[in-house]
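Trainee: Before we start, here is the structure in question, set down as structure tokens.
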Amino acid sequence: MKNITKHEYNSTLFLLARPLFLGFGIYKIINITGSYYYLSIILGIFLGLILNQIIKKLNNINIIKIIISIILLIYGTYSLTNSISTIYLNQTPKIIILAALLLILIYSRSKNKENIFKIANILFIINIILFLITSLSLIPLIDINNISLTNNFNLTNILISAIYFSLLSTIPYLILPNFKENYNYKAYLLSSLYTLLLFTLIIGILGAPVASIYKYPEYIIFKKISILNIIENIQNILFMSWIFESFTMLGIASNNINKKILLSLLIVIFITYSIFITKINILF
Amino acid sequence: MKKIIILFACLLLTGCYNYKEVSDLAFVSSLALDYQDNNFNIILEIEENQKDNKFSSYILEGTGKTIEAAIQNASLSFNKDLYFINLNILLISTEAANKKLSNILDYVTRDNNFSFDFNIAICDKPKEAIENIIKQEEIFGKYISNLFKNTDSNIINIKLDNLLNNYLNKDYDIILPIINIKENTIIIDKAAIFKDNIIIDTLNKESLALYNILLNNHRDYYLEIDNNIVFKTSYYQTTICFKNNTLYIIPTLTGTFLESVSLDENKIIDEVNINFNKKLESFINNLISLQSDPIGLKRYTKNKKAIKYRISTNIILENKSLIYKGVSS
């Protein structure tokens with residue numbers, strides 16, 4: 001662990017606060033709160049900062065780390081396979097996508113944790129570049145009418161959504177090594193504000209009713225990007241930031257599990273998905 | 001173990017699996033949909049890849065019980081995969097808009113193969129319109145898309161996200177531009193307004209200008225009043241608010257006079273103000289009588305019925321012309 005620099009750890013903290021929003025997280029928050037998303041996210045950030053203090057204490061308990069790693073591994077592979085299948089490889093069988101993903105996980109397990117952190121550092125820089133391109137080209141497309149408040153204010157929904165946000169953004173921190181010593185609230189705050197800006201872009205461009213029907217509204221807004229009327233259809237490149245974040249989470253989660261257990265788990269995941277994949281396809 | 005992983009990765013991840021060349025894809029620029037006798041009739045305008053940089057396209061037609069069946073039938077004898085990611089325009093006939101709008105929107109929204117940034121318009125003679133532009137060696141979809149993008153005249157520019165927003169939002173009724181053909185020229189000077197997803201009326205050019213002013217869609221606006229005086233806006237901003245059961249509509253028009261004779265400026269401003277208020281009042285009264293709300297006034301009134309409204313227009317004169325006095329003075 002000595003080889004992990006502060007910058008690498010902070011980059012990982014930044015990346016890990018977002019992968020659980022892919023698909024389900026964004027969809028759920030927009031559906032519950034509509035144009036009041038920002039209240040729930042701001043509240044969620046405060047709750048998240050409190051949760052991180054609790055995670056500092058729980059982080060040293062090994063069994064929790066392993067259980068959460070297994071859960072994130074199962075959820076992460078499922079959501080990533082689905083998003084890649086929906087967005088990139090529409091005509092490729094999901095099982096091939098899953099197989100490729102599992103092979104990458106086996107390979108990343110054969111490396112040390114330090115390598116994952118080093119990769120996360122590079123992915124963080126790529127993510128920031130993609131984020132700047134996204135923001136600069138999409139902010140002018142925001143329609144203020146879409147953000148203006150409607151008459152469906154519901155405090156309970158906002159609170160539920162804030163809890164969702166705080167849980168989804170902090171749970172991956174449970175799998176990080178030495179979280180107590182290396183936690184930096186600024187990295188979490190920066191990542192959460194990035195997510196808040198992304199929500200603002202989604203609601204501002206699409207409007208809450210439209211955003212709430214899409215599985216991946218974060219991908220749909222990328223379709224609207226046109227840089228100087230020359231560079232268009234770059235949604236697939238920009239969406240890669242979500243894959244990087246998910247990969248970082250899965251890489252760290254797989255490193256927390258014993259090699260033999262991991263291999264058995266991945267085989268079980270592969271068999272289970274191949275049997276049930278058509279039935280659970282429609283979930284998200 | 002590593003070698004096996006690398007071998008698998010090489011076979012599966014190098015993009016060789018299931019690949020398609022660009023020349024195997026047919027890029028659809030326009031899609032026209034009509035619904036007659038329980039069947040969808042579709043027209044596809046396919047862009048052609050030519051080496052000498054000439055723009056050219058051709059059309060395919062098909063009929064089927066569903067949109068997918070119609071598209072399949074259109075491409076039966078076609079040896080390329082249809083690709084809608086560069087779609088520029090979706091034309092819907094009045095009949096299809098009234099009867100099958102939800103199916104159409106579902107179809108174009110669900111598939112990732114579709115663009116998200118295309119225009120949508122009502123057109124009852126799509127074949128004629130597309131062929132007309134193809135004859136001029138231009139691609140209809142791109143031609144119309146540029147027309148929507150570059151014109152300063154008062155047309156409304158509705159894209160998929162705008163239409164979906166109005167369709168899914170209870171506070172709005174749908175409005176779509178109408179494409180007509182007059183003497184072999186494409187004209188977009190009207191729009192269809194909907195009530196409960198059925199077309200109930202059309203708005204003319206003047207009404208569209210007022211619609212654009214109310215929604216702050218900045219287009220050129222000219223107001224002609226007596227004595228040959230024309231007021232041309234360079235900028236406008238409309239504020240709408242709801243207080244004490246009254247809807248306040250406050251447009252502020254900044255502009256200049258053209259072709260004006262020697263009259264007292266304040267008098268003309270008053271005249272412009274009165275004239276504009278009258279026009280706006282008649283436009284809103286028309287919408288109220290039709291019970292259609294493409295502007296989304298329900299957002300402000302929170303669906304309260306029998307509300308009053310008050311229009312208060314501000315005219316700001318700016319002098320960006322090259323002359324101090326009118327030539328006629």
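Ordered as shown in the structure tokens, chains take letters A, B, and onward, while each chain numbers its residues from 1 and ligands are numbered from 1 in the order shown.
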I want to know what sits within 8 Å of region 34-39 of chain A, based on only C-alpha atoms, with residues of the same chain fewer than 3 positions away left out; could you give that as a PDB file with C-alpha atoms, in the first residue's frame?

Mentor:
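As a result, selection_19.pdb now contains:
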```
ATOM      1  CA  ILE A  29     -33.664   9.796  -8.681  1.00  0.00           C
ATOM      2  CA  ILE A  30     -35.174  11.567 -11.705  1.00  0.00           C
ATOM      3  CA  ASN A  31     -38.318   9.480 -11.490  1.00  0.00           C
ATOM      4  CA  ILE A  42     -27.525  18.600  -2.158  1.00  0.00           C
ATOM      5  CA  LEU A  43     -29.139  16.868   0.813  1.00  0.00           C
ATOM      6  CA  ASN A 146     -37.077  22.588 -18.078  1.00  0.00           C
ATOM      7  CA  ILE A 147     -35.408  23.389 -14.773  1.00  0.00           C
ATOM      8  CA  SER A 148     -38.178  25.702 -13.526  1.00  0.00           C
ATOM      9  CA  LEU A 149     -40.036  24.160 -10.649  1.00  0.00           C
ATOM     10  CA  THR A 150     -43.289  22.339 -11.120  1.00  0.00           C
ATOM     11  CA  PHE A 153     -43.081  19.120  -4.561  1.00  0.00           C
ATOM     12  CA  ILE A 158     -36.891  14.279  -1.876  1.00  0.00           C
ATOM     13  CA  LEU A 196     -25.052  17.260  -9.668  1.00  0.00           C
ATOM     14  CA  PHE A 199     -28.204  15.813 -13.438  1.00  0.00           C
ATOM     15  CA  THR A 200     -28.626  19.525 -14.231  1.00  0.00           C
ATOM     16  CA  ILE A 203     -32.980  17.767 -16.687  1.00  0.00           C
ATOM     17  CA  GLY A 207     -36.787  18.000 -19.135  1.00  0.00           C
ATOM     18  CA  ALA A 208     -37.894  15.735 -16.300  1.00  0.00           C
ATOM     19  CA  PRO A 209     -40.712  13.943 -18.226  1.00  0.00           C
ATOM     20  CA  SER A 212     -37.586   9.823 -16.766  1.00  0.00           C
TER      21      SER A 212
END
```

Trainee: Need to verify the contact set: Ala70 (chain B), 8 Å, only C-alpha atoms, exclusion of same-chain residues closer than 4 positions in sequence. Can you return it as JSON, numbers by chain?

Mentor: {"B": [40, 41, 42, 62, 63, 64, 65, 66, 74]}

Trainee: May I have all residues of region 124-276 of chain B that DSSP, computed from the backbone, assigns to strand (DSSP E or B), given as a VMD selection string?

Mentor: chain B and resid 159 175 to 182 185 to 195 198 to 203 221 to 225 229 to 243 246 to 258

Trainee: Can you pull out the residues contacting region 5-11 of chain A? Cut-off 7 Å, using only C-alpha atoms, and skip same-chain residues under 4 positions away; I want them as a PyMOL selection string.

Mentor: chain A and resi 15+117-118+120-121+124+184+187

Trainee: Within 8 Å of chain B, which residues of chain A show up? Give each one with its shortest atom-to-atom distance in Å (one decimal) and the two atoms involved, counting only C-alpha atoms, rows by chain then rising residue number, as JSON lines.

Mentor:
```
{"residue": "A:Thr86", "atom": "CA", "partner": "B:Asn112", "partner_atom": "CA", "distance": 7.6}
{"residue": "A:Ile87", "atom": "CA", "partner": "B:Asn112", "partner_atom": "CA", "distance": 6.8}
{"residue": "A:Thr92", "atom": "CA", "partner": "B:Asn18", "partner_atom": "CA", "distance": 7.7}
{"residue": "A:Ile96", "atom": "CA", "partner": "B:Leu12", "partner_atom": "CA", "distance": 8.0}
{"residue": "A:Ala100", "atom": "CA", "partner": "B:Ala9", "partner_atom": "CA", "distance": 7.0}
{"residue": "A:Leu103", "atom": "CA", "partner": "B:Ile5", "partner_atom": "CA", "distance": 6.6}
{"residue": "A:Tyr107", "atom": "CA", "partner": "B:Lys2", "partner_atom": "CA", "distance": 7.7}
{"residue": "A:Thr150", "atom": "CA", "partner": "B:Arg299", "partner_atom": "CA", "distance": 7.1}
{"residue": "A:Asn151", "atom": "CA", "partner": "B:Lys302", "partner_atom": "CA", "distance": 7.2}
{"residue": "A:Leu206", "atom": "CA", "partner": "B:Asp161", "partner_atom": "CA", "distance": 6.1}
{"residue": "A:Gly207", "atom": "CA", "partner": "B:Asn165", "partner_atom": "CA", "distance": 6.5}
{"residue": "A:Pro209", "atom": "CA", "partner": "B:Leu168", "partner_atom": "CA", "distance": 5.9}
{"residue": "A:Val210", "atom": "CA", "partner": "B:Asn165", "partner_atom": "CA", "distance": 5.6}
{"residue": "A:Ile220", "atom": "CA", "partner": "B:Phe116", "partner_atom": "CA", "distance": 7.3}
{"residue": "A:Lys223", "atom": "CA", "partner": "B:Phe116", "partner_atom": "CA", "distance": 6.2}
{"residue": "A:Lys224", "atom": "CA", "partner": "B:Asp117", "partner_atom": "CA", "distance": 6.0}
```

Trainee: Any chance you can output those residues with N, CA, C and O atoms as a short mmCIF file (atom, residue, chain, number, x, y, z; two decimals), in the first residue's frame?

Mentor:
```
data_model
loop_
_atom_site.label_atom_id
_atom_site.label_comp_id
_atom_site.auth_asym_id
_atom_site.auth_seq_id
_atom_site.Cartn_x
_atom_site.Cartn_y
_atom_site.Cartn_z
N THR A 86 -26.83 -2.45 -24.47
CA THR A 86 -27.84 -1.50 -24.97
C THR A 86 -27.22 -0.43 -25.85
O THR A 86 -27.77 -0.04 -26.87
N ILE A 87 -26.06 0.06 -25.41
CA ILE A 87 -25.51 1.24 -26.06
C ILE A 87 -24.52 0.91 -27.18
O ILE A 87 -24.61 1.46 -28.27
N THR A 92 -24.79 -7.93 -30.33
CA THR A 92 -23.92 -8.97 -29.77
C THR A 92 -24.63 -9.64 -28.59
O THR A 92 -25.21 -8.94 -27.76
N ILE A 96 -21.58 -12.90 -24.43
CA ILE A 96 -20.21 -12.66 -24.95
C ILE A 96 -19.63 -11.42 -24.27
O ILE A 96 -18.45 -11.40 -23.88
N ALA A 100 -16.29 -11.42 -21.82
CA ALA A 100 -15.14 -10.53 -22.01
C ALA A 100 -14.87 -9.75 -20.73
O ALA A 100 -13.72 -9.60 -20.30
N LEU A 103 -13.31 -11.94 -18.06
CA LEU A 103 -11.90 -12.20 -18.37
C LEU A 103 -11.03 -11.02 -17.93
O LEU A 103 -9.93 -11.20 -17.39
N TYR A 107 -8.04 -11.03 -15.16
CA TYR A 107 -6.72 -10.46 -15.45
C TYR A 107 -6.35 -9.39 -14.41
O TYR A 107 -5.22 -9.36 -13.91
N THR A 150 -41.90 22.70 -10.86
CA THR A 150 -43.29 22.34 -11.12
C THR A 150 -44.02 22.23 -9.78
O THR A 150 -43.43 22.42 -8.73
N ASN A 151 -45.30 21.89 -9.87
CA ASN A 151 -46.07 21.86 -8.62
C ASN A 151 -46.18 20.46 -8.02
O ASN A 151 -47.20 20.11 -7.45
N LEU A 206 -33.22 17.73 -21.42
CA LEU A 206 -34.34 16.85 -21.80
C LEU A 206 -35.65 17.24 -21.12
O LEU A 206 -36.73 17.01 -21.67
N GLY A 207 -35.57 17.79 -19.93
CA GLY A 207 -36.79 18.00 -19.13
C GLY A 207 -37.08 16.73 -18.35
O GLY A 207 -36.78 15.63 -18.82
N PRO A 209 -39.87 15.01 -17.65
CA PRO A 209 -40.71 13.94 -18.23
C PRO A 209 -39.95 13.08 -19.23
O PRO A 209 -40.12 11.87 -19.25
N VAL A 210 -39.14 13.72 -20.07
CA VAL A 210 -38.41 12.94 -21.09
C VAL A 210 -37.28 12.14 -20.43
O VAL A 210 -37.09 10.96 -20.73
N ILE A 220 -28.18 9.81 -23.66
CA ILE A 220 -29.03 10.51 -24.63
C ILE A 220 -28.59 11.96 -24.81
O ILE A 220 -28.56 12.48 -25.92
N LYS A 223 -25.88 12.56 -27.21
CA LYS A 223 -26.26 12.49 -28.62
C LYS A 223 -26.50 13.89 -29.20
O LYS A 223 -26.50 14.07 -30.41
N LYS A 224 -26.76 14.85 -28.33
CA LYS A 224 -27.06 16.20 -28.81
C LYS A 224 -25.81 17.05 -29.04
O LYS A 224 -25.89 18.16 -29.52
#
```

Trainee: Run DSSP on the backbone of this structure and report the residues of region 20-108 of chain A it assigns to alpha helix (DSSP H), as a ChimeraX atom specification.

Mentor: /A:24-33,37-58,62-87,94-108

Trainee: Looking at B:Asp196, B:Asp189, B:Glu128, B:Glu61, which one is nearest to Ser292 (chain B), with distances taken over only C-alpha atoms?

Mentor: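 Result for the nearest residue to Ser292 (chain B): B:Asp196.
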
Trainee: Hey, what's within 10 Å of Asn112 (chain A) if we count only C-alpha atoms and toss same-chain stuff fewer than 2 positions away? As a PyMOL selection string, please?

Mentor: chain A and resi 1+108-110+114-117+251-252+255

Trainee: What would the file look like if the residues just selected were written as a PDB file, in the first residue's frame with all heavy atoms?

Mentor:
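What ended up in result11.pdb:
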```pdb
ATOM      1  N   MET A   1       0.807  -1.219   0.000  1.00  0.00           N
ATOM      2  CA  MET A   1       0.000   0.000   0.000  1.00  0.00           C
ATOM      3  C   MET A   1       0.841   1.271   0.000  1.00  0.00           C
ATOM      4  O   MET A   1       0.350   2.350  -0.248  1.00  0.00           O
ATOM      5  CB  MET A   1      -0.926   0.019   1.222  1.00  0.00           C
ATOM      6  CG  MET A   1      -2.114  -0.903   1.140  1.00  0.00           C
ATOM      7  SD  MET A   1      -3.117  -0.621  -0.330  1.00  0.00           S
ATOM      8  CE  MET A   1      -3.700   1.034  -0.015  1.00  0.00           C
ATOM      9  N   SER A 108      -7.305  -8.527 -14.088  1.00  0.00           N
ATOM     10  CA  SER A 108      -6.996  -7.455 -13.127  1.00  0.00           C
ATOM     11  C   SER A 108      -6.717  -8.028 -11.737  1.00  0.00           C
ATOM     12  O   SER A 108      -5.968  -7.450 -10.963  1.00  0.00           O
ATOM     13  CB  SER A 108      -8.114  -6.416 -13.076  1.00  0.00           C
ATOM     14  OG  SER A 108      -9.243  -6.965 -12.472  1.00  0.00           O
ATOM     15  N   ARG A 109      -7.328  -9.187 -11.429  1.00  0.00           N
ATOM     16  CA  ARG A 109      -7.071  -9.817 -10.120  1.00  0.00           C
ATOM     17  C   ARG A 109      -5.634 -10.358 -10.057  1.00  0.00           C
ATOM     18  O   ARG A 109      -5.044 -10.444  -8.976  1.00  0.00           O
ATOM     19  CB  ARG A 109      -8.083 -10.959  -9.878  1.00  0.00           C
ATOM     20  CG  ARG A 109      -7.926 -11.694  -8.552  1.00  0.00           C
ATOM     21  CD  ARG A 109      -8.188 -10.748  -7.398  1.00  0.00           C
ATOM     22  NE  ARG A 109      -7.939 -11.349  -6.093  1.00  0.00           N
ATOM     23  CZ  ARG A 109      -6.759 -11.341  -5.463  1.00  0.00           C
ATOM     24  NH1 ARG A 109      -5.700 -10.796  -6.042  1.00  0.00           N
ATOM     25  NH2 ARG A 109      -6.637 -11.864  -4.254  1.00  0.00           N
ATOM     26  N   SER A 110      -5.119 -10.716 -11.239  1.00  0.00           N
ATOM     27  CA  SER A 110      -3.763 -11.241 -11.256  1.00  0.00           C
ATOM     28  C   SER A 110      -2.725 -10.141 -10.983  1.00  0.00           C
ATOM     29  O   SER A 110      -1.558 -10.398 -10.782  1.00  0.00           O
ATOM     30  CB  SER A 110      -3.468 -11.927 -12.596  1.00  0.00           C
ATOM     31  OG  SER A 110      -3.387 -10.948 -13.596  1.00  0.00           O
ATOM     32  N   GLU A 114      -2.187  -1.913  -6.319  1.00  0.00           N
ATOM     33  CA  GLU A 114      -1.482  -0.689  -6.703  1.00  0.00           C
ATOM     34  C   GLU A 114      -1.699  -0.378  -8.193  1.00  0.00           C
ATOM     35  O   GLU A 114      -1.831   0.776  -8.584  1.00  0.00           O
ATOM     36  CB  GLU A 114       0.036  -0.830  -6.430  1.00  0.00           C
ATOM     37  CG  GLU A 114       0.436  -0.698  -4.979  1.00  0.00           C
ATOM     38  CD  GLU A 114       0.175  -1.975  -4.179  1.00  0.00           C
ATOM     39  OE1 GLU A 114      -0.209  -3.000  -4.794  1.00  0.00           O
ATOM     40  OE2 GLU A 114       0.334  -1.952  -2.944  1.00  0.00           O
ATOM     41  N   ASN A 115      -1.724  -1.456  -8.997  1.00  0.00           N
ATOM     42  CA  ASN A 115      -1.916  -1.255 -10.438  1.00  0.00           C
ATOM     43  C   ASN A 115      -3.280  -0.645 -10.743  1.00  0.00           C
ATOM     44  O   ASN A 115      -3.406   0.213 -11.615  1.00  0.00           O
ATOM     45  CB  ASN A 115      -1.771  -2.592 -11.184  1.00  0.00           C
ATOM     46  CG  ASN A 115      -0.338  -3.056 -11.188  1.00  0.00           C
ATOM     47  OD1 ASN A 115       0.550  -2.299 -10.813  1.00  0.00           O
ATOM     48  ND2 ASN A 115      -0.104  -4.295 -11.562  1.00  0.00           N
ATOM     49  N   ILE A 116      -4.299  -1.142 -10.031  1.00  0.00           N
ATOM     50  CA  ILE A 116      -5.653  -0.605 -10.243  1.00  0.00           C
ATOM     51  C   ILE A 116      -5.667   0.888  -9.890  1.00  0.00           C
ATOM     52  O   ILE A 116      -6.271   1.702 -10.607  1.00  0.00           O
ATOM     53  CB  ILE A 116      -6.687  -1.356  -9.361  1.00  0.00           C
ATOM     54  CG1 ILE A 116      -6.627  -2.865  -9.598  1.00  0.00           C
ATOM     55  CG2 ILE A 116      -8.099  -0.822  -9.571  1.00  0.00           C
ATOM     56  CD1 ILE A 116      -7.268  -3.365 -10.844  1.00  0.00           C
ATOM     57  N   PHE A 117      -5.005   1.247  -8.794  1.00  0.00           N
ATOM     58  CA  PHE A 117      -4.971   2.661  -8.389  1.00  0.00           C
ATOM     59  C   PHE A 117      -4.233   3.507  -9.420  1.00  0.00           C
ATOM     60  O   PHE A 117      -4.621   4.648  -9.687  1.00  0.00           O
ATOM     61  CB  PHE A 117      -4.311   2.812  -7.009  1.00  0.00           C
ATOM     62  CG  PHE A 117      -5.263   2.511  -5.881  1.00  0.00           C
ATOM     63  CD1 PHE A 117      -5.473   1.217  -5.436  1.00  0.00           C
ATOM     64  CD2 PHE A 117      -5.978   3.534  -5.279  1.00  0.00           C
ATOM     65  CE1 PHE A 117      -6.361   0.942  -4.413  1.00  0.00           C
ATOM     66  CE2 PHE A 117      -6.871   3.275  -4.250  1.00  0.00           C
ATOM     67  CZ  PHE A 117      -7.061   1.970  -3.818  1.00  0.00           C
ATOM     68  N   GLY A 251     -12.559  -3.681 -10.454  1.00  0.00           N
ATOM     69  CA  GLY A 251     -11.159  -4.069 -10.263  1.00  0.00           C
ATOM     70  C   GLY A 251     -10.798  -4.108  -8.783  1.00  0.00           C
ATOM     71  O   GLY A 251     -10.181  -5.077  -8.319  1.00  0.00           O
ATOM     72  N   ILE A 252     -11.206  -3.080  -8.045  1.00  0.00           N
ATOM     73  CA  ILE A 252     -10.888  -3.049  -6.606  1.00  0.00           C
ATOM     74  C   ILE A 252     -11.678  -4.124  -5.862  1.00  0.00           C
ATOM     75  O   ILE A 252     -11.140  -4.812  -4.992  1.00  0.00           O
ATOM     76  CB  ILE A 252     -11.151  -1.641  -6.033  1.00  0.00           C
ATOM     77  CG1 ILE A 252     -10.150  -0.658  -6.649  1.00  0.00           C
ATOM     78  CG2 ILE A 252     -11.026  -1.617  -4.514  1.00  0.00           C
ATOM     79  CD1 ILE A 252     -10.399   0.781  -6.336  1.00  0.00           C
ATOM     80  N   ASN A 255     -10.171  -7.469  -6.260  1.00  0.00           N
ATOM     81  CA  ASN A 255      -8.908  -7.586  -5.523  1.00  0.00           C
ATOM     82  C   ASN A 255      -9.105  -7.851  -4.039  1.00  0.00           C
ATOM     83  O   ASN A 255      -8.164  -8.242  -3.350  1.00  0.00           O
ATOM     84  CB  ASN A 255      -8.072  -6.326  -5.718  1.00  0.00           C
ATOM     85  CG  ASN A 255      -7.040  -6.541  -6.793  1.00  0.00           C
ATOM     86  OD1 ASN A 255      -6.044  -7.220  -6.570  1.00  0.00           O
ATOM     87  ND2 ASN A 255      -7.306  -6.029  -7.981  1.00  0.00           N
TER      88      ASN A 255
END
```

Trainee: From the list A:Ile225, A:Ile171, A:Val268, A:Leu197, which residue is nearest Leu58 (chain A) when using only C-alpha atoms?

Mentor: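 Ranked by minimum distance to Leu58 (chain A), first place goes to A:Ile171.
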
Trainee: To one decimal in Å, tell me the separation between CA of Leu89 (chain A) and CA of Ser23 (chain B).

Mentor: 19.2 Å

Trainee: Please indicate the distance in Å from CA of Ile179 (chain B) to CA of Pro294 (chain B), rounded to one decimal place.

Mentor: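 Straight-line distance from CA of Ile179 (chain B) to CA of Pro294 (chain B) works out to 18.7 Å.
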
Trainee: With distances taken over only C-alpha atoms, which residue among A:Asp143, A:Asn182, A:Phe24, A:Thr33 lies nearest Leu201 (chain A)?

Mentor: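 So, comparing all the options, the nearest one is A:Asp143.
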
Trainee: I'd like the interatomic distance between CA of Ser207 (chain B) and CA of Tyr248 (chain B), to a tenth of an Å.

Mentor: 19.2 Å

Trainee: What's around Asp124 (chain B) at 8 Å? Count only C-alpha atoms, leave out sequence neighbours fewer than 5 positions away in its own chain, and write the answer as a PDB file with C-alpha atoms, in the first residue's frame.

Mentor:
```
ATOM      1  CA  ASP B  34     -48.473   8.071 -43.272  1.00  0.00           C
ATOM      2  CA  ILE B  92     -45.681  12.712 -40.269  1.00  0.00           C
ATOM      3  CA  SER B  93     -48.956  12.982 -42.161  1.00  0.00           C
ATOM      4  CA  THR B  94     -52.002  14.563 -40.495  1.00  0.00           C
TER       5      THR B  94
END
```
